[in-house]
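Shown next: protein.cif, given as mmCIF, C-alpha atoms.
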```
data_data
loop_
_atom_site.label_atom_id
_atom_site.label_comp_id
_atom_site.auth_asym_id
_atom_site.auth_seq_id
_atom_site.Cartn_x
_atom_site.Cartn_y
_atom_site.Cartn_z
CA GLY A 655 12.65 -0.99 -85.00
CA VAL A 656 11.87 -3.54 -82.32
CA LYS A 657 9.68 -6.36 -83.58
CA ILE A 658 7.40 -8.59 -81.53
CA CYS A 659 5.12 -11.44 -82.59
CA ALA A 660 2.32 -11.90 -80.07
CA VAL A 661 -1.41 -12.53 -79.84
CA THR A 662 -3.86 -12.25 -76.97
CA ASP A 663 -6.43 -14.93 -76.10
CA SER A 664 -9.03 -13.74 -78.59
CA GLY A 665 -6.84 -11.79 -81.04
CA THR A 666 -7.60 -8.33 -79.67
CA VAL A 667 -5.00 -5.60 -79.17
CA MET A 668 -3.72 -4.73 -75.70
CA VAL A 669 -1.22 -1.96 -74.99
CA TYR A 670 0.58 -1.40 -71.68
CA ASP A 671 3.30 0.96 -70.58
CA PHE A 672 6.36 -0.88 -69.33
CA LYS A 673 7.17 -0.68 -65.62
CA ARG A 674 7.66 -2.95 -62.63
CA PHE A 675 4.58 -3.23 -60.48
CA ALA A 676 4.22 -2.90 -56.73
CA THR A 677 3.09 -5.89 -54.72
CA PRO A 678 -0.73 -6.11 -54.81
CA PRO A 679 -2.85 -6.89 -51.73
CA LEU A 680 -3.29 -10.61 -51.16
CA PRO A 681 -6.94 -11.75 -51.10
CA GLY A 682 -6.04 -15.13 -49.60
CA ARG A 683 -4.30 -18.35 -50.42
CA PRO A 684 -5.30 -20.38 -53.47
CA ALA A 685 -7.84 -23.19 -53.13
CA LYS A 686 -5.54 -26.15 -52.77
CA LYS A 687 -5.54 -29.25 -50.62
CA GLY A 688 -3.81 -28.52 -47.35
CA ARG A 689 -2.14 -25.25 -46.47
CA VAL A 690 0.37 -23.57 -48.74
CA SER A 691 3.69 -23.40 -46.96
CA VAL A 692 6.02 -20.45 -47.38
CA GLU A 693 8.66 -22.83 -48.74
CA GLU A 694 6.43 -23.76 -51.69
CA VAL A 695 6.22 -20.16 -52.92
CA ILE A 696 9.67 -19.79 -54.45
CA LYS A 697 11.58 -18.05 -57.22
CA LEU A 698 13.66 -20.06 -59.70
CA GLU A 699 16.42 -18.58 -61.86
CA ILE A 700 17.79 -19.88 -65.15
CA GLY A 701 19.83 -18.39 -67.98
CA ASN A 702 23.22 -17.30 -69.24
CA ASP A 703 25.24 -14.09 -69.72
CA VAL A 704 22.87 -12.86 -72.45
CA LEU A 705 19.41 -13.96 -71.29
CA LYS A 706 18.17 -14.63 -67.76
CA ALA A 707 14.70 -15.69 -66.59
CA GLU A 708 13.07 -15.72 -63.17
CA VAL A 709 10.08 -18.01 -62.60
CA ALA A 710 7.62 -18.11 -59.68
CA SER A 711 6.23 -21.43 -58.50
CA VAL A 712 2.84 -19.73 -58.20
CA GLY A 713 1.14 -20.17 -61.56
CA ALA A 714 4.46 -21.30 -63.12
CA SER A 715 4.74 -17.57 -63.82
CA LEU A 716 7.50 -15.79 -65.73
CA MET A 717 8.54 -13.02 -63.31
CA LYS A 718 11.42 -11.45 -65.23
CA LEU A 719 13.14 -11.91 -68.57
CA THR A 720 16.37 -9.95 -68.62
CA VAL A 721 18.16 -9.28 -71.92
CA LYS A 722 21.65 -7.84 -71.43
CA GLY A 723 20.56 -6.43 -68.07
CA VAL A 724 17.17 -5.03 -69.20
CA ASP A 725 13.90 -6.64 -68.06
CA VAL A 726 11.47 -6.94 -70.98
CA VAL A 727 8.34 -8.36 -69.28
CA LEU A 728 5.79 -7.01 -66.82
CA GLY A 729 5.63 -8.52 -63.38
CA TYR A 730 6.20 -8.33 -59.63
CA ASP A 731 9.47 -8.49 -57.71
CA SER A 732 8.30 -11.06 -55.15
CA PRO A 733 7.06 -14.59 -55.98
CA ASP A 734 4.52 -14.30 -53.15
CA SER A 735 2.86 -11.45 -55.07
CA TYR A 736 1.68 -13.93 -57.68
CA LEU A 737 -0.82 -15.38 -55.20
CA SER A 738 -2.74 -12.21 -56.06
CA ASN A 739 -2.13 -11.44 -59.72
CA PRO A 740 -5.24 -9.74 -61.15
CA CYS A 741 -3.60 -9.03 -64.52
CA TYR A 742 -2.19 -12.59 -64.80
CA PHE A 743 1.35 -11.27 -65.39
CA GLY A 744 3.50 -14.11 -66.76
CA ALA A 745 1.08 -16.78 -65.56
CA THR A 746 0.28 -20.21 -66.98
CA CYS A 747 -3.50 -20.15 -67.42
CA GLY A 748 -5.79 -23.19 -67.52
CA ARG A 749 -7.63 -25.43 -67.71
CA VAL A 750 -9.25 -23.30 -70.39
CA ALA A 751 -7.46 -20.00 -70.89
CA ASN A 752 -10.08 -18.42 -73.09
CA ARG A 753 -13.73 -17.76 -72.31
CA ILE A 754 -16.53 -20.30 -72.01
CA LYS A 755 -19.88 -18.73 -72.79
CA GLY A 756 -22.12 -18.43 -69.76
CA GLY A 757 -19.82 -20.76 -67.82
CA GLU A 758 -21.71 -23.73 -69.30
CA LEU A 759 -19.51 -26.67 -70.26
CA VAL A 760 -21.03 -29.46 -72.40
CA LEU A 761 -19.07 -32.67 -73.02
CA PRO A 762 -19.97 -36.00 -74.66
CA LYS A 763 -20.44 -39.13 -72.56
CA LYS A 764 -18.71 -42.38 -73.49
CA ALA A 765 -22.05 -44.18 -73.39
CA GLY A 766 -23.75 -41.51 -75.46
CA GLY A 767 -25.53 -38.32 -74.56
CA LYS A 768 -23.93 -35.29 -72.95
CA VAL A 769 -22.73 -34.17 -69.54
CA ARG A 770 -23.13 -30.57 -68.44
CA ARG A 771 -20.99 -28.71 -65.90
CA SER A 772 -21.61 -25.20 -64.58
CA LEU A 773 -18.34 -23.30 -64.19
CA ALA A 774 -17.59 -20.10 -62.30
CA VAL A 775 -18.71 -16.94 -64.10
CA ASN A 776 -15.81 -14.61 -63.36
CA ASN A 777 -15.64 -12.32 -66.40
CA GLY A 778 -18.91 -10.54 -67.00
CA SER A 779 -21.32 -13.28 -68.05
CA ASN A 780 -18.58 -15.77 -68.99
CA HIS A 781 -15.98 -18.12 -67.53
CA LEU A 782 -12.34 -17.03 -68.06
CA HIS A 783 -8.84 -18.39 -67.38
CA GLY A 784 -10.04 -21.55 -65.67
CA GLY A 785 -12.21 -19.94 -63.01
CA LYS A 786 -11.92 -17.94 -59.81
CA VAL A 787 -8.73 -19.75 -58.78
CA GLY A 788 -7.33 -21.24 -61.97
CA TRP A 789 -3.92 -22.77 -62.59
CA SER A 790 -2.50 -19.24 -62.78
CA HIS A 791 -2.95 -18.87 -59.00
CA LYS A 792 -2.08 -22.39 -57.85
CA VAL A 793 1.32 -23.36 -56.46
CA TRP A 794 3.12 -25.67 -58.89
CA SER A 795 5.81 -28.16 -57.88
CA VAL A 796 9.30 -28.22 -59.38
CA LYS A 797 9.83 -31.41 -61.37
CA SER A 798 13.36 -30.67 -62.58
CA LYS A 799 15.82 -27.78 -62.83
CA SER A 800 19.18 -27.08 -64.45
CA ALA A 801 21.16 -23.92 -65.11
CA SER A 802 19.26 -23.36 -68.35
CA SER A 803 15.87 -25.02 -67.83
CA VAL A 804 13.15 -25.55 -65.25
CA THR A 805 10.04 -27.76 -65.42
CA LEU A 806 7.07 -27.27 -63.14
CA GLU A 807 3.94 -29.39 -62.87
CA TYR A 808 0.50 -29.15 -61.30
CA LEU A 809 -2.02 -31.92 -60.63
CA SER A 810 -5.49 -30.55 -61.29
CA GLU A 811 -7.84 -32.97 -59.57
CA ASP A 812 -11.30 -34.08 -60.71
CA GLY A 813 -13.67 -31.26 -59.73
CA ASP A 814 -11.01 -28.54 -59.72
CA GLU A 815 -13.08 -25.41 -60.47
CA ASN A 816 -15.82 -27.98 -61.30
CA TYR A 817 -14.01 -29.34 -64.37
CA PRO A 818 -14.33 -33.12 -64.81
CA SER A 819 -11.41 -35.59 -64.68
CA ALA A 820 -7.90 -35.11 -63.34
CA LEU A 821 -5.12 -33.56 -65.43
CA LEU A 822 -1.37 -33.33 -64.93
CA ALA A 823 -0.16 -30.00 -66.38
CA THR A 824 3.48 -29.28 -67.20
CA CYS A 825 5.28 -26.02 -67.96
CA THR A 826 8.92 -25.89 -69.07
CA TYR A 827 11.05 -22.75 -69.51
CA THR A 828 14.32 -23.24 -71.39
CA VAL A 829 16.98 -20.62 -72.16
CA SER A 830 19.12 -21.44 -75.18
CA GLY A 831 21.54 -18.76 -76.30
CA SER A 832 19.44 -15.63 -76.80
CA ALA A 833 16.11 -17.50 -76.99
CA LEU A 834 13.52 -18.49 -74.41
CA ASP A 835 11.34 -21.50 -75.17
CA VAL A 836 8.11 -22.01 -73.23
CA SER A 837 6.55 -25.48 -73.53
CA LEU A 838 3.07 -26.24 -72.13
CA SER A 839 1.38 -29.63 -72.00
CA ALA A 840 -1.30 -31.55 -70.12
CA ARG A 841 -2.39 -35.18 -69.98
CA LEU A 842 -5.15 -37.10 -68.26
CA ALA A 843 -4.06 -38.38 -64.89
CA CYS A 844 -4.28 -42.06 -64.02
CA GLY A 845 -7.82 -43.03 -63.12
CA SER A 846 -9.57 -40.28 -65.09
CA LYS A 847 -12.75 -41.70 -66.59
CA GLY A 848 -13.99 -39.08 -69.02
CA PRO A 849 -13.03 -36.24 -71.36
CA THR A 850 -12.20 -32.74 -70.23
CA PRO A 851 -11.24 -29.60 -72.17
CA VAL A 852 -7.77 -28.12 -71.91
CA ASN A 853 -6.50 -24.94 -73.58
CA MET A 854 -3.42 -23.56 -71.83
CA THR A 855 -1.56 -20.35 -72.51
CA ASN A 856 1.31 -18.30 -71.14
CA HIS A 857 0.06 -14.84 -70.17
CA THR A 858 3.31 -12.82 -70.31
CA TYR A 859 3.20 -9.14 -71.32
CA PHE A 860 6.31 -8.12 -73.29
CA ASN A 861 7.89 -4.74 -73.91
CA LEU A 862 10.97 -5.03 -76.10
CA ASP A 863 12.12 -1.42 -76.35
CA MET A 864 15.08 -2.33 -74.09
CA GLY A 865 14.38 0.32 -71.49
CA GLY A 866 13.89 3.17 -73.93
CA GLY A 867 10.68 4.27 -72.22
CA GLN A 868 8.64 4.40 -75.45
CA GLY A 869 6.04 1.82 -74.42
CA VAL A 870 4.83 -0.71 -76.98
CA LEU A 871 3.03 1.52 -79.47
CA ASP A 872 6.08 1.53 -81.73
CA HIS A 873 6.50 -2.25 -81.61
CA GLU A 874 5.81 -4.01 -84.89
CA VAL A 875 3.69 -7.16 -84.95
CA LYS A 876 3.38 -9.93 -87.50
CA LEU A 877 1.04 -12.91 -87.05
CA ASN A 878 1.58 -16.07 -89.06
CA SER A 879 -2.13 -16.41 -89.71
CA ASP A 880 -4.46 -15.66 -92.58
CA ALA A 881 -7.66 -15.40 -90.52
CA TYR A 882 -9.08 -14.43 -87.15
CA LEU A 883 -12.32 -14.99 -85.23
CA PRO A 884 -14.47 -11.90 -84.62
CA THR A 885 -16.13 -11.76 -81.20
CA ASP A 886 -19.35 -10.42 -79.71
CA ASP A 887 -19.63 -7.75 -77.01
CA THR A 888 -18.56 -10.26 -74.34
CA SER A 889 -15.54 -11.51 -76.36
CA ILE A 890 -17.15 -14.82 -77.34
CA PRO A 891 -16.41 -15.89 -80.97
CA THR A 892 -19.37 -15.40 -83.31
CA ARG A 893 -18.44 -18.56 -85.28
CA GLU A 894 -17.54 -16.42 -88.29
CA VAL A 895 -14.04 -16.53 -89.76
CA PHE A 896 -12.70 -13.25 -91.13
CA GLY A 897 -9.83 -13.04 -93.54
CA THR A 898 -10.57 -16.14 -95.64
CA ALA A 899 -12.48 -16.56 -98.87
CA GLU A 900 -14.94 -18.78 -96.99
CA GLY A 901 -15.36 -16.24 -94.21
CA ALA A 902 -18.08 -13.72 -93.54
CA ASP A 903 -16.41 -10.80 -95.26
CA ALA A 904 -13.50 -12.42 -97.14
CA GLY A 905 -11.08 -9.96 -95.55
CA PHE A 906 -9.78 -8.22 -92.43
CA CYS A 907 -11.61 -5.40 -90.72
CA ASP A 908 -9.68 -2.14 -90.49
CA GLY A 909 -6.95 -2.44 -87.87
CA MET A 910 -6.86 -6.23 -87.64
CA ASP A 911 -4.56 -7.12 -90.53
CA PHE A 912 -1.19 -8.24 -89.11
CA THR A 913 -0.17 -10.49 -91.99
CA GLY A 914 2.79 -8.18 -92.52
CA TRP A 915 4.89 -6.20 -90.04
CA THR A 916 2.50 -3.54 -88.65
CA ALA A 917 3.12 -0.93 -85.96
CA VAL A 918 0.85 -1.40 -82.95
CA ARG A 919 0.23 2.36 -82.99
CA ASP A 920 -1.31 2.17 -86.48
CA SER A 921 -3.65 -0.65 -85.52
CA VAL A 922 -4.67 0.91 -82.20
CA MET A 923 -5.57 4.22 -83.77
CA LYS A 924 -7.76 2.44 -86.32
CA LEU A 925 -9.52 0.44 -83.61
CA ALA A 926 -9.88 3.33 -81.17
CA ASP A 927 -12.92 5.57 -80.98
CA LYS A 928 -13.10 8.09 -83.81
CA GLY A 929 -11.15 11.23 -82.95
CA ALA A 930 -9.57 9.78 -79.79
CA THR A 931 -5.94 10.66 -79.10
CA GLU A 932 -3.37 8.48 -77.35
CA GLU A 933 -3.53 10.71 -74.26
CA ALA A 934 -7.32 10.57 -74.16
CA MET A 935 -7.23 6.80 -74.43
CA ARG A 936 -4.73 6.55 -71.59
CA LYS A 937 -6.93 8.69 -69.35
CA ARG A 938 -9.99 6.67 -70.30
CA ASP A 939 -8.29 3.46 -69.18
CA GLY A 940 -7.07 4.75 -65.83
CA GLY A 941 -3.63 5.80 -67.00
CA VAL A 942 -2.47 2.23 -67.55
CA GLY A 943 -2.03 2.80 -71.24
CA ARG A 944 -4.36 0.03 -72.36
CA VAL A 945 -6.27 0.62 -75.56
CA GLY A 946 -8.97 -1.44 -77.16
CA PRO A 947 -11.10 -4.25 -75.77
CA ASP A 948 -9.76 -6.39 -72.95
CA HIS A 949 -8.58 -9.84 -73.96
#
```
Could you render the structure as structure tokens?
Amino acid sequence: GVKICAVTDSGTVMVYDFKRFATPPLPGRPAKKGRVSVEEVIKLEIGNDVLKAEVASVGASLMKLTVKGVDVVLGYDSPDSYLSNPCYFGATCGRVANRIKGGELVLPKKAGGKVRRSLAVNNGSNHLHGGKVGWSHKVWSVKSKSASSVTLEYLSEDGDENYPSALLATCTYTVSGSALDVSLSARLACGSKGPTPVNMTNHTYFNLDMGGGQGVLDHEVKLNSDAYLPTDDTSIPTREVFGTAEGADAGFCDGMDFTGWTAVRDSVMKLADKGATEEAMRKRDGGVGRVGPDH
């Protein structure tokens, strides 16, 4: 069977049916100095006869990943569509990809004490994916490009989404044979005077059934990890560590053990409401085919 190794931001299970998506309505241009010109919103193509990738300058987003003619990721056909990307298809998320409880950021001062910043609360009661207009919805510049690789960068200024200090973020996609490598990095920009958090991720949704139309329930997942962090009702870690001898329960809860190859279907059915069927779960989630808590 098809095997995939993947993990969402907080370790929860997400299931989507595979299809290309129509262009969503655009709520407006991203918050960025100056006006975004049409020329800045571009599509970049790299690859070879086996593997081809298309990247949007908006969010340094992976638009398509084509394996022998079959697209295996979710996304939009137009790079302009990524200015409005509510599901974060293929996007590079930051500064902090995961949640910050209550949107309250606390950092140490060089001279002692602490500095507090209030961030946008855009996911229930928490801050998520860097704010209302995070790096996922900013237009990145192209630093370099070849037939097999492209590097994009974004200068996140001091005060961007109310984060302190300036950061230069870099995202590189490289196709080598039948493999795609995604490299993310960030460093303090010249003149930055204090610390700032950074926790980037690539938000691509994969479906590797090669066009078979079976969705991802039959994919098998293996995580090279011996523990995970349980979360509360708002997806904030409880500070417990499950799956280790030192953890709260010295094991995995039912449906969360991916230390060996495990079918997504088996895990989802264990995590789903008692007695729920796949069809009932699809209807419950608006027909999208998503099961389990959001990431």
What lies within 12 Å of segment 766-770 of chain A using only C-alpha atoms, ignoring chain neighbours under 2 positions off, as an MDAnalysis selection string? chainID A and resid 757:764 772:773 816:818 848:850
On this structure, which residues satisfy the PyMOL selection byres ((chain A and resi 857) around 12), written as a PyMOL selection string? chain A and resi 660-663+713-717+727-729+739-748+751-752+783+789-790+836+838+854-856+858-860+949
Pull out every residue that the PyMOL selection byres ((chain A and resi 824-833) around 6) matches in the shown coordinates and put them as number ranges by chain. A: 701, 705, 802-807, 823, 834-839
Suppose a student applies the PyMOL selection byres ((chain A and resi 884) around 8) to this structure; what residues should they get, written as a ChimeraX atom specification? /A:882-883,885-886,891-896
Quick one: write out the picked residues with C-alpha atoms as a compact mmCIF listing (two decimals), in the frame of the given file?
```txt
# COMPACT_ATOMS: atom_id res chain seq x y z
CA TYR A 882 -9.08 -14.43 -87.15
CA LEU A 883 -12.32 -14.99 -85.23
CA THR A 885 -16.13 -11.76 -81.20
CA ASP A 886 -19.35 -10.42 -79.71
CA PRO A 891 -16.41 -15.89 -80.97
CA THR A 892 -19.37 -15.40 -83.31
CA ARG A 893 -18.44 -18.56 -85.28
CA GLU A 894 -17.54 -16.42 -88.29
CA VAL A 895 -14.04 -16.53 -89.76
CA PHE A 896 -12.70 -13.25 -91.13
```
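The interatomic distance for the pair atom CA of Leu877 of chain A and atom CA of Lys706 of chain A works out to 25.9 Å.
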For atom CA of Ile700 of chain A and atom CA of Ser800 of chain A, the interatomic separation in Å (one decimal):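 Calculated distance between atom CA of Ile700 of chain A and atom CA of Ser800 of chain A is 7.4 Å.
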Which one of A:Met910, A:Leu842, A:Ile890, A:Ala917 sits closest to His873 of chain A if you count all atoms listed in the file?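 Using all atoms listed in the file, the shortest distance to His873 of chain A belongs to A:Ala917.
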With only C-alpha atoms as the atoms that count, which of A:Gly865, A:Thr888, A:Ser810, A:Trp915 lies nearest to Ser779 of chain A?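 Ranking A:Gly865, A:Thr888, A:Ser810, A:Trp915 by distance to Ser779 of chain A, first place goes to A:Thr888.
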Computed interatomic separation between atom CA of Asp814 of chain A and atom CA of Ala843 of chain A (Å):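 Atom CA of Asp814 of chain A sits 13.1 Å away from atom CA of Ala843 of chain A.
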Hey, could you pull the box centre and edge lengths for segment 798-815 of chain A, axis-aligned, 5 Å padding per side, all listed atoms, to one decimal in Å, as AutoDock Vina command-line options?
```
--center_x 3.7 --center_y -28.7 --center_z -64.0 --size_x 44.8 --size_y 20.7 --size_z 18.8
```
Who sits within 6 Å of Gly909 of chain A, all atoms listed in the file, same chain under 5 positions skipped, as a compact mmCIF listing (two decimals) with C-alpha atoms, in the frame of the given file:
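Printed below is around07.txt as written:
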```
# COMPACT_ATOMS: atom_id res chain seq x y z
CA SER A 921 -3.65 -0.65 -85.52
CA LYS A 924 -7.76 2.44 -86.32
CA LEU A 925 -9.52 0.44 -83.61
```
